[in-house]
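**Student:** Pasting protein_38.cif below, which is mmCIF, C-alpha atoms.
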```cif
data_protein
loop_
_atom_site.label_atom_id
_atom_site.label_comp_id
_atom_site.auth_asym_id
_atom_site.auth_seq_id
_atom_site.Cartn_x
_atom_site.Cartn_y
_atom_site.Cartn_z
CA MET A 1 79.85 50.38 146.14
CA SER A 2 78.89 47.14 144.50
CA ASN A 3 81.12 44.10 144.88
CA ASN A 4 80.51 42.92 141.33
CA ILE A 5 83.66 40.91 140.53
CA LEU A 6 82.91 40.58 136.81
CA THR A 7 82.44 44.29 136.20
CA GLN A 8 85.41 45.27 138.37
CA ASN A 9 87.74 42.99 136.41
CA ASP A 10 86.08 43.75 133.05
CA ILE A 11 85.13 40.12 132.35
CA GLN A 12 82.72 39.77 129.43
CA HIS A 13 82.56 35.98 129.15
CA VAL A 14 82.67 33.47 131.98
CA ASP A 15 84.60 30.32 131.12
CA TYR A 16 83.62 26.99 132.68
CA LYS A 17 87.31 26.00 132.88
CA ASP A 18 88.16 29.02 134.98
CA THR A 19 87.57 27.36 138.33
CA GLU A 20 89.52 29.96 140.29
CA LEU A 21 87.05 32.60 139.16
CA LEU A 22 84.00 30.37 139.61
CA LYS A 23 85.04 29.47 143.16
CA GLN A 24 84.30 33.04 144.12
CA PHE A 25 80.65 32.48 143.26
CA ILE A 26 80.08 29.33 145.32
CA ASN A 27 79.74 28.87 149.06
CA PRO A 28 81.82 26.41 151.14
CA HIS A 29 79.28 23.66 150.50
CA GLY A 30 79.60 24.05 146.75
CA GLY A 31 76.23 25.72 146.25
CA MET A 32 75.85 28.90 144.29
CA VAL A 33 75.70 32.25 146.04
CA SER A 34 72.66 34.42 145.41
CA ARG A 35 72.69 37.39 143.10
CA LYS A 36 71.73 39.63 145.97
CA ARG A 37 75.04 38.90 147.65
CA LEU A 38 77.24 38.79 144.54
CA GLY A 39 75.86 42.01 143.14
CA LEU A 40 75.91 40.67 139.58
CA THR A 41 73.53 41.74 136.85
CA ALA A 42 70.86 39.26 135.80
CA LYS A 43 72.71 38.50 132.59
CA GLN A 44 76.00 37.92 134.39
CA GLN A 45 74.34 35.69 136.97
CA ARG A 46 72.86 33.52 134.23
CA SER A 47 76.22 33.13 132.51
CA VAL A 48 77.94 32.30 135.80
CA GLU A 49 75.20 29.81 136.58
CA ALA A 50 75.64 28.06 133.23
CA ALA A 51 79.43 27.98 133.64
CA ILE A 52 79.23 26.52 137.15
CA LYS A 53 76.81 23.83 136.04
CA VAL A 54 79.06 22.76 133.17
CA ALA A 55 82.13 22.85 135.44
CA ARG A 56 80.32 20.56 137.88
CA PHE A 57 79.35 18.17 135.11
CA MET A 58 82.96 18.01 133.97
CA GLY A 59 84.22 17.32 137.48
CA LEU A 60 86.07 20.63 137.78
CA LEU A 61 83.88 21.79 140.64
CA PRO A 62 82.01 19.68 143.20
CA TYR A 63 78.25 19.36 143.30
CA VAL A 64 78.44 19.05 147.08
CA GLN A 65 81.49 19.72 149.22
CA LYS A 66 81.68 17.52 152.27
CA MET B 1 26.30 23.41 115.70
CA MET B 2 28.56 25.71 117.64
CA MET B 3 31.27 23.12 117.72
CA THR B 4 31.26 22.57 113.98
CA SER B 5 31.39 26.29 113.22
CA THR B 6 34.34 26.90 115.56
CA ASN B 7 36.12 23.93 114.10
CA GLY B 8 35.66 25.38 110.66
CA VAL B 9 37.22 28.66 111.78
CA THR B 10 40.23 26.99 113.33
CA ALA B 11 40.75 24.92 110.23
CA GLU B 12 40.74 28.09 108.11
CA LYS B 13 43.11 29.78 110.51
CA SER B 14 45.54 26.90 110.51
CA ALA B 15 45.46 26.82 106.74
CA LEU B 16 46.36 30.51 106.72
CA LEU B 17 49.16 29.93 109.19
CA ASP B 18 50.53 27.13 107.07
CA GLU B 19 50.63 29.40 104.06
CA GLU B 20 52.45 32.03 106.07
CA LEU B 21 54.94 29.45 107.26
CA ASP B 22 55.56 28.30 103.71
CA ILE B 23 56.80 31.75 102.83
CA THR B 24 59.49 31.64 105.50
CA ALA B 25 60.41 28.03 104.79
CA PRO B 26 64.21 28.11 104.18
CA ILE B 27 65.26 27.94 107.83
CA GLU B 28 68.18 25.60 107.12
CA GLU B 29 70.24 28.28 105.43
CA VAL B 30 70.32 30.29 108.64
CA SER B 31 71.67 27.38 110.65
CA VAL B 32 74.60 26.79 108.27
CA GLU B 33 76.27 29.98 109.47
CA PRO B 34 79.43 29.01 111.38
CA ARG B 35 79.51 29.25 115.14
CA VAL B 36 82.34 28.97 117.60
CA TYR B 37 82.20 25.88 119.79
CA GLU B 38 84.45 24.34 122.37
CA ILE B 39 84.74 20.70 123.31
CA GLY B 40 85.93 19.93 126.82
CA TYR B 41 86.75 16.29 127.43
CA HIS B 42 88.15 13.88 129.96
CA ILE B 43 90.17 10.95 128.65
CA ILE B 44 90.08 7.95 130.97
CA PRO B 45 93.29 7.54 133.02
CA ALA B 46 93.65 3.94 131.87
CA VAL B 47 94.92 5.25 128.51
CA LYS B 48 98.71 5.29 128.35
CA GLU B 49 100.41 8.67 128.05
CA GLU B 50 101.74 7.79 124.60
CA ASP B 51 98.24 7.02 123.33
CA ILE B 52 96.63 10.22 124.56
CA GLU B 53 97.73 12.12 121.49
CA LYS B 54 96.09 9.42 119.40
CA THR B 55 92.78 9.89 121.23
CA VAL B 56 92.99 13.65 120.75
CA GLY B 57 93.60 12.97 117.06
CA GLU B 58 90.42 10.89 116.99
CA ILE B 59 88.47 13.79 118.49
CA ARG B 60 89.94 16.17 115.92
CA LYS B 61 89.05 13.78 113.15
CA ALA B 62 85.51 13.50 114.51
CA ILE B 63 85.17 17.28 114.38
CA GLU B 64 86.43 17.43 110.80
CA SER B 65 84.35 14.54 109.54
CA SER B 66 81.08 15.37 111.32
CA HIS B 67 79.65 17.31 108.41
CA PRO B 68 76.13 16.40 107.45
CA LYS B 69 75.83 15.04 103.94
CA ASP B 70 73.61 17.85 102.64
CA ASP B 71 76.24 20.44 103.52
CA ARG B 72 77.51 22.57 100.66
CA PRO B 73 81.19 23.26 101.20
CA SER B 74 81.35 25.27 98.00
CA GLU B 75 79.69 28.17 99.78
CA GLY B 76 82.47 28.29 102.34
CA ALA B 77 80.02 28.33 105.24
CA GLY B 78 80.36 24.64 106.05
CA LYS B 79 84.06 24.78 106.83
CA THR B 80 85.46 23.78 110.19
CA THR B 81 88.49 25.63 111.46
CA PHE B 82 90.37 25.00 114.69
CA ILE B 83 90.93 28.08 116.79
CA ALA B 84 92.68 27.00 119.97
CA GLU B 85 93.51 23.91 121.93
CA GLY B 86 94.39 22.90 125.48
CA ALA B 87 96.58 19.82 125.81
CA PRO B 88 95.15 17.08 128.04
CA SER B 89 96.71 16.89 131.48
CA LEU B 90 95.97 14.53 134.32
CA MET B 91 93.80 16.10 137.00
CA LYS B 92 91.87 14.97 140.00
CA LEU B 93 88.11 15.04 139.56
CA ALA B 94 85.92 16.85 142.06
CA TYR B 95 83.90 13.66 142.49
CA PRO B 96 84.29 10.08 141.21
CA MET B 97 82.63 9.37 137.87
CA SER B 98 81.43 5.92 136.90
CA VAL B 99 81.37 4.72 133.31
CA ARG B 100 79.79 1.60 131.95
CA GLU B 101 82.37 -0.63 130.30
CA GLY B 102 80.74 -3.71 128.89
CA GLU B 103 78.61 -5.14 131.66
CA LYS B 104 80.14 -3.50 134.68
CA TYR B 105 80.66 0.04 135.88
CA THR B 106 84.14 1.40 136.49
CA GLU B 107 84.73 4.36 138.75
CA TYR B 108 87.38 6.96 137.96
CA ASP B 109 88.63 9.66 140.28
CA ARG B 110 90.97 11.32 137.79
CA GLY B 111 91.15 12.00 134.08
CA TYR B 112 93.15 13.74 131.36
CA PHE B 113 91.30 17.00 130.83
CA GLY B 114 91.75 18.84 127.55
CA TRP B 115 89.75 21.14 125.29
CA ILE B 116 89.49 22.15 121.64
CA LYS B 117 87.96 25.36 120.33
CA PHE B 118 86.75 25.37 116.75
CA GLU B 119 84.41 27.08 114.34
CA ALA B 120 81.73 25.06 112.57
CA PRO B 121 78.11 25.27 111.45
CA ALA B 122 75.49 24.41 114.04
CA THR B 123 74.44 21.31 112.11
CA ILE B 124 77.70 19.63 113.10
CA VAL B 125 76.80 19.31 116.77
CA SER B 126 74.41 16.37 116.78
CA THR B 127 76.64 14.17 114.63
CA LEU B 128 79.71 15.18 116.61
CA ASN B 129 77.87 14.35 119.83
CA ASP B 130 77.14 10.82 118.59
CA ALA B 131 80.71 10.34 117.40
CA LEU B 132 82.19 11.34 120.76
CA LYS B 133 79.68 9.23 122.69
CA SER B 134 80.80 6.13 120.81
CA ASN B 135 84.48 6.76 121.71
CA THR B 136 85.17 4.53 124.72
CA ASN B 137 88.37 6.38 125.65
CA ILE B 138 86.43 9.53 126.50
CA LEU B 139 85.19 9.57 130.06
CA ARG B 140 82.97 12.60 129.65
CA PHE B 141 82.72 15.56 127.27
CA VAL B 142 80.80 18.76 126.77
CA ILE B 143 80.11 20.83 123.66
CA TRP B 144 79.87 24.46 124.70
CA ARG B 145 79.07 27.44 122.54
CA THR B 146 81.57 30.21 123.12
CA VAL B 147 83.33 33.14 121.45
CA ARG B 148 86.49 33.37 119.40
CA GLU B 149 88.46 35.34 121.98
CA ASP B 150 90.21 33.76 124.92
CA THR B 151 87.61 33.72 127.69
CA ARG B 152 89.93 32.88 130.57
CA ALA B 153 89.68 35.78 132.95
CA LYS B 154 92.76 37.73 133.90
CA ILE B 155 91.88 38.78 137.38
CA LYS B 156 93.85 41.50 139.08
CA ALA B 157 95.16 40.65 142.50
CA PRO B 158 92.47 41.35 145.07
CA THR B 159 92.95 44.92 146.23
CA LEU B 160 93.10 45.45 149.95
CA ARG B 161 90.71 47.89 151.44
CA GLU B 162 92.28 51.18 152.45
CA VAL B 163 92.69 51.38 156.18
CA LYS B 164 93.69 54.32 158.30
CA ARG B 165 97.20 53.33 159.21
CA THR B 166 98.14 56.08 161.65
CA ASP B 167 97.92 53.72 164.63
CA THR B 168 99.90 50.86 163.10
CA ILE B 169 102.73 53.09 161.93
CA LYS B 170 103.22 54.47 165.44
CA SER B 171 103.30 51.03 166.97
CA THR B 172 105.78 49.37 164.58
CA PRO B 173 109.00 51.33 165.45
CA ARG B 174 108.53 50.47 169.10
CA ARG B 175 108.61 46.76 168.36
CA ALA B 176 111.56 46.84 165.97
CA PRO B 177 114.37 47.94 168.40
CA ALA B 178 113.30 45.33 170.94
CA GLU B 179 113.93 42.57 168.38
CA GLU B 180 117.34 44.02 167.43
CA VAL B 181 118.48 44.10 171.04
CA ALA B 182 117.53 40.47 171.48
CA ALA B 183 119.32 39.34 168.32
CA PRO B 184 123.10 39.78 169.03
CA VAL B 185 123.83 36.97 171.45
CA SER B 186 127.33 35.49 171.42
CA GLU B 187 127.73 31.80 170.61
CA GLU B 188 129.39 31.10 173.94
CA ALA B 189 126.46 32.48 175.84
CA LEU B 190 124.16 30.39 173.71
CA GLU B 191 126.11 27.22 174.40
CA LYS B 192 126.14 27.97 178.10
CA ALA B 193 122.42 28.43 178.11
CA LEU B 194 121.95 25.20 176.16
CA GLN B 195 124.18 23.30 178.57
CA ASP B 196 122.20 24.63 181.50
CA ILE B 197 119.03 23.35 179.92
CA THR B 198 120.44 19.93 179.10
CA GLN B 199 121.91 19.47 182.57
CA GLU B 200 118.54 20.06 184.10
#
```
Output the structure of this file as structure tokens.

**Tutor:**
Amino acid sequence: MSNNILTQNDIQHVDYKDTELLKQFINPHGGMVSRKRLGLTAKQQRSVEAAIKVARFMGLLPYVQK
Amino acid sequence: MMMTSTNGVTAEKSALLDEELDITAPIEEVSVEPRVYEIGYHIIPAVKEEDIEKTVGEIRKAIESSHPKDDRPSEGAGKTTFIAEGAPSLMKLAYPMSVREGEKYTEYDRGYFGWIKFEAPATIVSTLNDALKSNTNILRFVIWRTVREDTRAKIKAPTLREVKRTDTIKSTPRRAPAEEVAAPVSEEALEKALQDITQE
């Protein structure tokens, strides 16, 4: 069974403001988790990636967690 | 000789391409079609709480007035409509941001984060970008293309994995009576015990 969070919860669009959701896609250091581990589709991974990068730019998520 | 001939061919080809391009020239009309955008912004914490609404009003005005001059509002495509809005609230930033104010840099570790979702033609973005950049009350902003619907995810509570509970169910009743037996202790006995401890 895949552990695809987006498909399980029927999420079509990933919002950059939704930090609680995005936190599930980053590791404790703040880096992004690979698609292999998340089980996302390529399209979903790209949208998550874009959302995380914007959230970091806006100071909602850290670039690096110390 | 070879060089000149090949050059001649490429020149002909490019001329042909140009003609083809001329046929599909009106690209601008496509870009006038309205799109849904969202502006996320941080207002600097130095702004007083009473003046935040004023700054948000400036952003709204910038959105409304950022139409390029060659826009034709008569067609109805160049209209901007507000869809949704998130009121700015003070939040801690994930990392300190520094902004240049005059000649020195000021570092901020918090900001009033808010957002506005609106529908506008794509041509609005560059002018809006310049307008927001010139606003000194805005710490940082982003213009993000999105959809009309609310994109905030409604996640169900994480479901626990099903575990075979036969063992745990057997073990729980054994523990429960032991706790009950221990519970009813009279106050006198308690005081006695306490006194014994304090005397020691």

**Student:** Counting only C-alpha atoms, which of A:Gly30, A:Gly59, A:Val64, A:Val48 gets nearest to His13 (chain A)?

**Tutor:** A:Val48

**Student:** So the first atom is CA of Lys154 (chain B) and the second is CA of Gly86 (chain B); what is the distance between them in Å, to one decimal place?

**Tutor:**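 Going from CA of Lys154 (chain B) over to CA of Gly86 (chain B) covers 17.1 Å.
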
**Student:** So that I can check the surroundings of Lys66 (chain A), please list as a ChimeraX atom specification every protein, DNA and RNA residue that reaches within 12 Å of it, counting only C-alpha atoms and ignoring chain neighbours fewer than 4 positions away.

**Tutor:** /A:27-31,62 /B:94-95

**Student:** Can you spell out as a PyMOL selection string the set of residues that the PyMOL selection byres ((chain B) within 10 of (chain A)) selects in the structure I just provided?

**Tutor:** chain B and resi 40-42+91-97+109-111+113-115+139-144+146-147+149-158

**Student:** Counting only C-alpha atoms, write as a VMD selection string all protein and nucleic acid residues lying at most 9 Å from (79.4, 15.6, 115.9) in the file's frame.

**Tutor:** chain B and resid 62 to 67 123 to 132

**Student:** Would you place a box with edges along x, y and z of the file around all atoms of region 31-49 of chain A listed there, add 5 Å to each of its six sides, and report the centre and edge lengths in Å to one decimal, as AutoDock Vina command-line options?

**Tutor:**
```
--center_x 74.4 --center_y 33.9 --center_z 140.1 --size_x 17.1 --size_y 26.3 --size_z 25.1
```

**Student:** What is the distance between CA of Thr7 (chain A) and CA of Leu38 (chain A), in Å to one decimal?

**Tutor:**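 Between CA of Thr7 (chain A) and CA of Leu38 (chain A) the gap works out to 11.3 Å.
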
**Student:** Work out how far CA of Ala84 (chain B) is from CA of Phe118 (chain B), in Å to one decimal.

**Tutor:** 6.9 Å
